[in-house]
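Chemist: A single structure is presented below for examination.
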Protein chains: 2
Amino acid sequence: MSDRVMLKIGGSVITDKSGDCVINPGQLASIATAVAGCRMTGLVIVHGAGSCGHPEAKRYRLDRGGATAGHAEGIAVTHHAVAGLNAAVVAALRDQGVEAVGIHPLHVAFADGGRLVAFEYRHLEQMLLLGLVPVIHGDVVMDCTRGACIVSGDQLVRYLAPLLAMSRVGIATDVPGVLDGGAVVPVITPASVRRLQIGISSHTDVTGGMKGKINELLDLARAGVGSEIFHVSRISDFLSGRDCGGTKVSAKG
Amino acid sequence: MSDRVMLKIGGSVITDKSGDCVINPGQLASIATAVAGCRMTGLVIVHGAGSCGHPEAKRYRLDRGGATAGHAEGIAVTHHAVAGLNAAVVAALRDQGVEAVGIHPLHVAFADGGRLVAFEYRHLEQMLLLGLVPVIHGDVVMDCTRGACIVSGDQLVRYLAPLLAMSRVGIATDVPGVLDGGAVVPVITPASVRRLQIGISSHTDVTGGMKGKINELLDLARAGVGSEIFHVSRISDFLSGRDCGGTKVSAKG
């Protein structure tokens, strides 16, 4: 069994979603310190776009598909916003001695109908072998039927975790787990999810909020990779293999 | 026949090779003005790294292969330098209204023994359909035998031009063409190249200078795509299909 770990950091955690691409440097520094402290090898980080990119994607209607020649500007502008956030995440990690390297999905991936159909990953394998930490992010991606689409960090986790043979996947968010009536749900399975009342996020999010996240993670669990949703303050616990007090998503209860 | 055109801009043209990553903004603006004036569709731009990246690649010995875990820092530092030049090229083009989008080979390509073996290009096809201009650059690339290697702009031209069905390839340099005894050689073929005395560039160049360039272009010609080497001041002529006064590289004389 591989000891590879994928850590997804929610966009809401590292940006202020009430503003337009307002990055939270204090939060980034805390996360970088936690990651550096665990001295992980075989680590891949994925982060969401938060308030960087979502407003642009909505403005240019990239979330609705159908990017045409007139949308060319929107593709570049949206990518520029999320790539800037990625650069800030990479810089924060490198400041703490983590050998982070940003990877932009627009540069490598290809989608069809809003879903990833290709993402070269042999170079990511090689990066892991050399001790690098790839940092991948929600991005605009070219799409053979829609022209371009938005691929969320959660979809990236769903697509890449099995390809990269991840043994554990952690989703750091601004809540302690999936909440049902105020309490953290300890486990979600395909059978139990229908009984939950999952709230829709009030923030601008073109990629489906908590509901979309859980659907991606249930699909990932069916593909054989379990995951856990927990509060961002528990990243050290997750990376060290300790209990995070969050919600586990698995194929069976 | 496609009307797609690939324009390679030499690293020496857009940086000062006597310094350490000194970008020439005046030259970038002139090139961007020439490209914008031609209002091309189906255009892909490739640029070299010049003084951005070559010194780093030498310092970390990425040019000699054999990147090990200890070279992780060199990969990130070298990429950072060339990605910065790419951002400057893209910004100059966008300032003139060209819908340029930077593409980093480190994010998408994979190599074996210093030669590209994979580079997803369906997203580049989709970008061309939507009127975007991909701007690709010489970069450090992960390599399954060497760990990492340097892939020159010329190797990128060789690899991508046939895949993207380019009908014309132009190489803009700081000389008017390939010089032999002071005069521009009008045509180079596999048969004629042995008679030439091609000087080795005096600048720091880990990718083979003019000799390496000609070998890549001869290989490209054998694959069915002819090219022309000309002075950077002739970019408008090349894009418009006029004579550039340079050196044509073709499979037959």
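FYI, nothing fancy with the structure tokens labels: chains A, B, ... in order, residues from 1 per chain, ligands from 1 as they appear.
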Considering only C-alpha atoms, give me a table of residues in chain B that are at most 6 Å from chain A, with the closest atom pair and distance in Å for each, as a Markdown table.

Modeler:
```
| residue | atom | partner | partner_atom | distance |
| --- | --- | --- | --- | --- |
| B:Ala69 | CA | A:Leu130 | CA | 4.3 |
| B:Ile103 | CA | A:His107 | CA | 5.4 |
| B:His107 | CA | A:Ile103 | CA | 5.4 |
| B:Val108 | CA | A:Val108 | CA | 4.5 |
| B:Phe110 | CA | A:His123 | CA | 5.7 |
| B:His123 | CA | A:Met142 | CA | 5.4 |
| B:Leu130 | CA | A:Ala69 | CA | 4.3 |
| B:Gly131 | CA | A:Ala69 | CA | 5.8 |
| B:Met142 | CA | A:His123 | CA | 5.4 |
```

Chemist: For A:Ala29, work out the shell of residues within 9 Å, counting only C-alpha atoms and skipping chain neighbours fewer than 5 positions away, then give it as JSON, numbers by chain.

Modeler: {"A": [24, 34, 89, 92, 93, 95, 96]}

Chemist: Using DSSP secondary structure from the backbone, list all helix (DSSP H, G or I) positions within stretch 23-113 of chain A, as a ChimeraX atom specification.

Modeler: /A:25-38,54-59,62-64,69-95,105-108

Chemist: Would you mind exporting N, CA and C atoms of the selected residues as a compact mmCIF listing (two decimals), in the first residue's frame?

Modeler:
```txt
# COMPACT_ATOMS: atom_id res chain seq x y z
N PRO A 25 -3.53 35.81 3.95
CA PRO A 25 -2.13 35.39 4.12
C PRO A 25 -1.87 34.70 5.46
N GLY A 26 -2.60 35.12 6.52
CA GLY A 26 -2.41 34.49 7.82
C GLY A 26 -2.80 33.02 7.78
N GLN A 27 -3.91 32.73 7.14
CA GLN A 27 -4.38 31.35 7.02
C GLN A 27 -3.39 30.53 6.18
N LEU A 28 -2.91 31.13 5.09
CA LEU A 28 -1.93 30.43 4.24
C LEU A 28 -0.68 30.08 5.05
N ALA A 29 -0.21 31.03 5.85
CA ALA A 29 1.00 30.80 6.65
C ALA A 29 0.77 29.68 7.67
N SER A 30 -0.41 29.66 8.31
CA SER A 30 -0.72 28.60 9.28
C SER A 30 -0.73 27.23 8.61
N ILE A 31 -1.37 27.17 7.44
CA ILE A 31 -1.44 25.90 6.72
C ILE A 31 -0.04 25.45 6.32
N ALA A 32 0.76 26.38 5.81
CA ALA A 32 2.12 26.05 5.37
C ALA A 32 2.95 25.54 6.55
N THR A 33 2.77 26.16 7.71
CA THR A 33 3.50 25.72 8.90
C THR A 33 3.10 24.30 9.28
N ALA A 34 1.80 24.02 9.21
CA ALA A 34 1.31 22.68 9.55
C ALA A 34 1.87 21.64 8.57
N VAL A 35 1.85 21.98 7.29
CA VAL A 35 2.35 21.03 6.28
C VAL A 35 3.85 20.81 6.46
N ALA A 36 4.59 21.91 6.65
CA ALA A 36 6.05 21.80 6.81
C ALA A 36 6.41 20.97 8.04
N GLY A 37 5.63 21.13 9.11
CA GLY A 37 5.91 20.43 10.36
C GLY A 37 5.81 18.92 10.24
N CYS A 38 5.02 18.45 9.27
CA CYS A 38 4.82 16.99 9.13
C CYS A 38 5.87 16.33 8.24
N HIS A 54 -14.10 32.52 -9.11
CA HIS A 54 -15.55 32.28 -9.15
C HIS A 54 -16.31 33.49 -9.72
N PRO A 55 -16.03 34.72 -9.24
CA PRO A 55 -16.77 35.86 -9.81
C PRO A 55 -16.48 36.03 -11.30
N GLU A 56 -15.20 35.82 -11.70
CA GLU A 56 -14.84 35.96 -13.12
C GLU A 56 -15.57 34.89 -13.94
N ALA A 57 -15.60 33.65 -13.41
CA ALA A 57 -16.25 32.56 -14.13
C ALA A 57 -17.73 32.86 -14.33
N LYS A 58 -18.36 33.45 -13.30
CA LYS A 58 -19.78 33.79 -13.44
C LYS A 58 -19.97 34.94 -14.43
N ARG A 59 -19.07 35.94 -14.33
CA ARG A 59 -19.20 37.12 -15.19
C ARG A 59 -19.12 36.71 -16.66
N LEU A 62 -18.66 31.10 -17.75
CA LEU A 62 -17.93 29.85 -17.96
C LEU A 62 -18.56 28.71 -17.17
N ASP A 63 -19.32 29.08 -16.10
CA ASP A 63 -19.96 28.03 -15.31
C ASP A 63 -21.15 27.43 -16.05
N ARG A 64 -21.63 28.11 -17.08
CA ARG A 64 -22.80 27.60 -17.80
C ARG A 64 -22.41 26.86 -19.08
N ALA A 69 -15.94 31.76 -29.23
CA ALA A 69 -14.79 32.62 -29.52
C ALA A 69 -14.87 33.90 -28.67
N GLY A 70 -16.07 34.39 -28.40
CA GLY A 70 -16.22 35.61 -27.61
C GLY A 70 -15.81 35.44 -26.16
N HIS A 71 -15.67 34.18 -25.72
CA HIS A 71 -15.31 33.93 -24.33
C HIS A 71 -13.81 33.81 -24.12
N ALA A 72 -13.03 33.99 -25.16
CA ALA A 72 -11.59 33.82 -25.04
C ALA A 72 -11.04 34.67 -23.90
N GLU A 73 -11.49 35.92 -23.83
CA GLU A 73 -11.01 36.82 -22.78
C GLU A 73 -11.34 36.26 -21.39
N GLY A 74 -12.54 35.71 -21.23
CA GLY A 74 -12.95 35.17 -19.94
C GLY A 74 -12.07 34.03 -19.48
N ILE A 75 -11.64 33.21 -20.41
CA ILE A 75 -10.77 32.08 -20.07
C ILE A 75 -9.47 32.60 -19.47
N ALA A 76 -8.85 33.56 -20.15
CA ALA A 76 -7.57 34.09 -19.69
C ALA A 76 -7.71 34.84 -18.37
N VAL A 77 -8.78 35.64 -18.24
CA VAL A 77 -8.97 36.45 -17.04
C VAL A 77 -9.25 35.56 -15.83
N THR A 78 -10.12 34.54 -16.02
CA THR A 78 -10.44 33.63 -14.92
C THR A 78 -9.21 32.85 -14.50
N HIS A 79 -8.47 32.34 -15.48
CA HIS A 79 -7.26 31.59 -15.15
C HIS A 79 -6.25 32.46 -14.42
N HIS A 80 -6.12 33.70 -14.86
CA HIS A 80 -5.15 34.61 -14.23
C HIS A 80 -5.48 34.78 -12.74
N ALA A 81 -6.76 34.87 -12.41
CA ALA A 81 -7.17 35.05 -11.01
C ALA A 81 -6.81 33.82 -10.17
N VAL A 82 -7.13 32.64 -10.67
CA VAL A 82 -6.86 31.44 -9.86
C VAL A 82 -5.37 31.11 -9.85
N ALA A 83 -4.66 31.43 -10.93
CA ALA A 83 -3.22 31.18 -10.95
C ALA A 83 -2.51 32.08 -9.93
N GLY A 84 -3.04 33.28 -9.73
CA GLY A 84 -2.47 34.18 -8.73
C GLY A 84 -2.62 33.62 -7.32
N LEU A 85 -3.78 33.02 -7.04
CA LEU A 85 -3.99 32.39 -5.74
C LEU A 85 -3.03 31.19 -5.59
N ASN A 86 -2.89 30.41 -6.65
CA ASN A 86 -1.95 29.28 -6.61
C ASN A 86 -0.53 29.74 -6.31
N ALA A 87 -0.12 30.84 -6.93
CA ALA A 87 1.23 31.37 -6.68
C ALA A 87 1.39 31.75 -5.20
N ALA A 88 0.33 32.31 -4.60
CA ALA A 88 0.40 32.68 -3.18
C ALA A 88 0.49 31.44 -2.30
N VAL A 89 -0.25 30.39 -2.64
CA VAL A 89 -0.19 29.15 -1.85
C VAL A 89 1.21 28.53 -1.96
N VAL A 90 1.74 28.47 -3.17
CA VAL A 90 3.08 27.89 -3.39
C VAL A 90 4.13 28.71 -2.64
N ALA A 91 4.04 30.03 -2.71
CA ALA A 91 5.02 30.89 -2.04
C ALA A 91 4.97 30.68 -0.53
N ALA A 92 3.77 30.57 0.04
CA ALA A 92 3.63 30.36 1.49
C ALA A 92 4.27 29.04 1.89
N LEU A 93 4.06 28.00 1.11
CA LEU A 93 4.64 26.68 1.41
C LEU A 93 6.16 26.73 1.28
N ARG A 94 6.66 27.36 0.22
CA ARG A 94 8.12 27.42 0.01
C ARG A 94 8.79 28.24 1.12
N ASP A 95 8.09 29.27 1.60
CA ASP A 95 8.62 30.06 2.72
C ASP A 95 8.87 29.19 3.94
N PRO A 105 -4.20 23.30 -14.01
CA PRO A 105 -5.00 22.40 -14.86
C PRO A 105 -5.23 22.94 -16.28
N LEU A 106 -5.36 24.25 -16.46
CA LEU A 106 -5.56 24.78 -17.83
C LEU A 106 -4.44 24.35 -18.75
N HIS A 107 -3.22 24.17 -18.19
CA HIS A 107 -2.05 23.85 -19.01
C HIS A 107 -1.96 22.37 -19.37
N VAL A 108 -2.69 21.53 -18.67
CA VAL A 108 -2.44 20.09 -18.80
C VAL A 108 -3.69 19.26 -19.02
```

Chemist: With only C-alpha atoms as the atoms that count, which of B:Met210, B:Val249, B:Ile188, B:Leu116 lies nearest to B:Thr173?

Modeler: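 The shortest atom-to-atom distance to B:Thr173 comes from B:Met210.
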
Chemist: If you count only C-alpha atoms, which residues fall within 8 Å of B:Gly245, apart from same-chain ones fewer than 6 positions away, as a list in words?

Modeler: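 Once the nearby chain positions are removed, what remains is Pro176, Gly177, Pro186 and Phe230 of chain B.
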
Chemist: Name all residues at most 12 Å from B:His231 (count only C-alpha atoms; drop same-chain ones fewer than 5 positions away) and give them as a list in words.

Modeler: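 Residues near the query, excluding close chain neighbours: Lys8, Ile9, Gly10, Ser12, Val13, Ile31, Gly170, Ile171, Ala172, Thr173, Asp174, Val175, Pro176, Gly177, Val178, Leu179, Val184, Ser236, Asp237, Phe238, Asp243, Cys244, Gly245, Gly246 and Thr247 of chain B.
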
Chemist: How about saving the chosen residues, N, CA, C and O atoms kept, as a short mmCIF file (atom, residue, chain, number, x, y, z; two decimals), in the first residue's frame?

Modeler:
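Once everything was written out, this is part24.cif:
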```cif
data_model
loop_
_atom_site.label_atom_id
_atom_site.label_comp_id
_atom_site.auth_asym_id
_atom_site.auth_seq_id
_atom_site.Cartn_x
_atom_site.Cartn_y
_atom_site.Cartn_z
N LYS B 8 8.40 30.90 -33.37
CA LYS B 8 9.34 30.73 -32.25
C LYS B 8 10.15 32.00 -32.12
O LYS B 8 10.69 32.50 -33.12
N ILE B 9 10.25 32.51 -30.91
CA ILE B 9 11.05 33.71 -30.65
C ILE B 9 12.23 33.30 -29.79
O ILE B 9 12.07 32.73 -28.70
N GLY B 10 13.43 33.55 -30.27
CA GLY B 10 14.64 33.13 -29.56
C GLY B 10 14.76 33.81 -28.21
O GLY B 10 14.40 34.99 -28.04
N SER B 12 17.47 34.75 -26.85
CA SER B 12 18.45 35.85 -26.95
C SER B 12 17.80 37.15 -27.40
O SER B 12 18.32 38.23 -27.14
N VAL B 13 16.69 37.02 -28.11
CA VAL B 13 16.03 38.19 -28.68
C VAL B 13 15.30 38.99 -27.59
O VAL B 13 15.26 40.22 -27.63
N ILE B 31 7.65 43.13 -30.69
CA ILE B 31 7.17 41.84 -31.18
C ILE B 31 5.65 41.76 -31.04
O ILE B 31 4.93 41.33 -31.95
N GLY B 170 8.12 29.60 -38.18
CA GLY B 170 9.13 30.66 -38.31
C GLY B 170 9.93 30.80 -37.02
O GLY B 170 9.36 30.72 -35.93
N ILE B 171 11.23 31.00 -37.19
CA ILE B 171 12.15 31.10 -36.05
C ILE B 171 12.76 32.49 -36.07
O ILE B 171 13.65 32.77 -36.89
N ALA B 172 12.29 33.36 -35.17
CA ALA B 172 12.80 34.74 -35.11
C ALA B 172 14.02 34.78 -34.18
O ALA B 172 13.93 34.38 -33.03
N THR B 173 15.15 35.26 -34.71
CA THR B 173 16.40 35.28 -33.94
C THR B 173 17.04 36.67 -33.99
O THR B 173 16.49 37.59 -34.59
N ASP B 174 18.22 36.80 -33.38
CA ASP B 174 18.92 38.09 -33.42
C ASP B 174 19.90 38.17 -34.58
O ASP B 174 20.70 39.10 -34.66
N VAL B 175 19.85 37.22 -35.49
CA VAL B 175 20.65 37.26 -36.72
C VAL B 175 19.69 37.12 -37.91
O VAL B 175 18.58 36.61 -37.75
N PRO B 176 20.11 37.55 -39.12
CA PRO B 176 19.16 37.53 -40.25
C PRO B 176 18.90 36.13 -40.82
O PRO B 176 18.04 35.98 -41.69
N GLY B 177 19.61 35.14 -40.32
CA GLY B 177 19.45 33.77 -40.81
C GLY B 177 20.68 32.99 -40.38
O GLY B 177 21.46 33.47 -39.55
N VAL B 178 20.86 31.81 -40.94
CA VAL B 178 22.08 31.05 -40.66
C VAL B 178 23.20 31.65 -41.51
O VAL B 178 23.05 31.79 -42.73
N LEU B 179 24.28 32.03 -40.84
CA LEU B 179 25.37 32.71 -41.55
C LEU B 179 26.50 31.72 -41.86
O LEU B 179 26.88 30.90 -41.02
N VAL B 184 23.97 35.12 -45.52
CA VAL B 184 22.83 34.27 -45.13
C VAL B 184 22.74 33.08 -46.09
O VAL B 184 22.75 33.26 -47.31
N SER B 236 6.57 40.50 -38.95
CA SER B 236 5.37 40.88 -39.73
C SER B 236 5.42 40.26 -41.11
O SER B 236 4.40 39.76 -41.62
N ASP B 237 6.60 40.30 -41.74
CA ASP B 237 6.75 39.69 -43.07
C ASP B 237 6.41 38.21 -43.01
O ASP B 237 5.66 37.70 -43.84
N PHE B 238 6.97 37.53 -42.01
CA PHE B 238 6.72 36.09 -41.91
C PHE B 238 5.24 35.79 -41.71
O PHE B 238 4.65 34.96 -42.41
N ASP B 243 8.35 37.40 -48.05
CA ASP B 243 9.74 36.95 -47.93
C ASP B 243 10.39 37.58 -46.69
O ASP B 243 10.19 38.77 -46.41
N CYS B 244 11.16 36.78 -45.95
CA CYS B 244 11.81 37.27 -44.72
C CYS B 244 13.31 37.43 -44.90
O CYS B 244 14.00 37.82 -43.94
N GLY B 245 13.85 37.06 -46.07
CA GLY B 245 15.29 37.17 -46.30
C GLY B 245 16.12 36.26 -45.43
O GLY B 245 17.32 36.51 -45.21
N GLY B 246 15.52 35.19 -44.91
CA GLY B 246 16.23 34.32 -43.98
C GLY B 246 16.65 33.00 -44.59
O GLY B 246 16.83 32.89 -45.80
N THR B 247 16.83 32.01 -43.73
CA THR B 247 17.26 30.67 -44.15
C THR B 247 16.09 29.70 -44.04
O THR B 247 15.53 29.52 -42.95
#
```

Chemist: Extract, using only C-alpha atoms, all DNA, RNA and protein residues at most 9 Å from B:Asp219, discarding same-chain residues fewer than 3 positions from it, and format them as an MDAnalysis selection string.

Modeler: chainID B and resid 158 190 214:216 222:224 251

Chemist: Taking the backbone alone, and naming residues the way the document does, which bits of stretch 5-248 of chain A are strand (DSSP E) by DSSP, as a count of residues only?

Modeler: 61

Chemist: Which value, in Å to one decimal, gives the distance between atom CA of A:Cys149 and atom CA of A:Gly53?

Modeler: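 Straight-line distance from atom CA of A:Cys149 to atom CA of A:Gly53 works out to 12.1 Å.
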
Chemist: Atom CA of B:Leu196 and atom CA of B:Leu156, how far apart in Å?

Modeler: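 Atom-to-atom, atom CA of B:Leu156 and atom CA of B:Leu196 are spaced 24.5 Å apart.
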
Chemist: Would you mind reading off the distance between atom CA of A:Thr189 and atom CA of A:Lys17, one decimal, in Å?

Modeler: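 Taking atom CA of A:Thr189 and atom CA of A:Lys17, their separation equals 29.3 Å.
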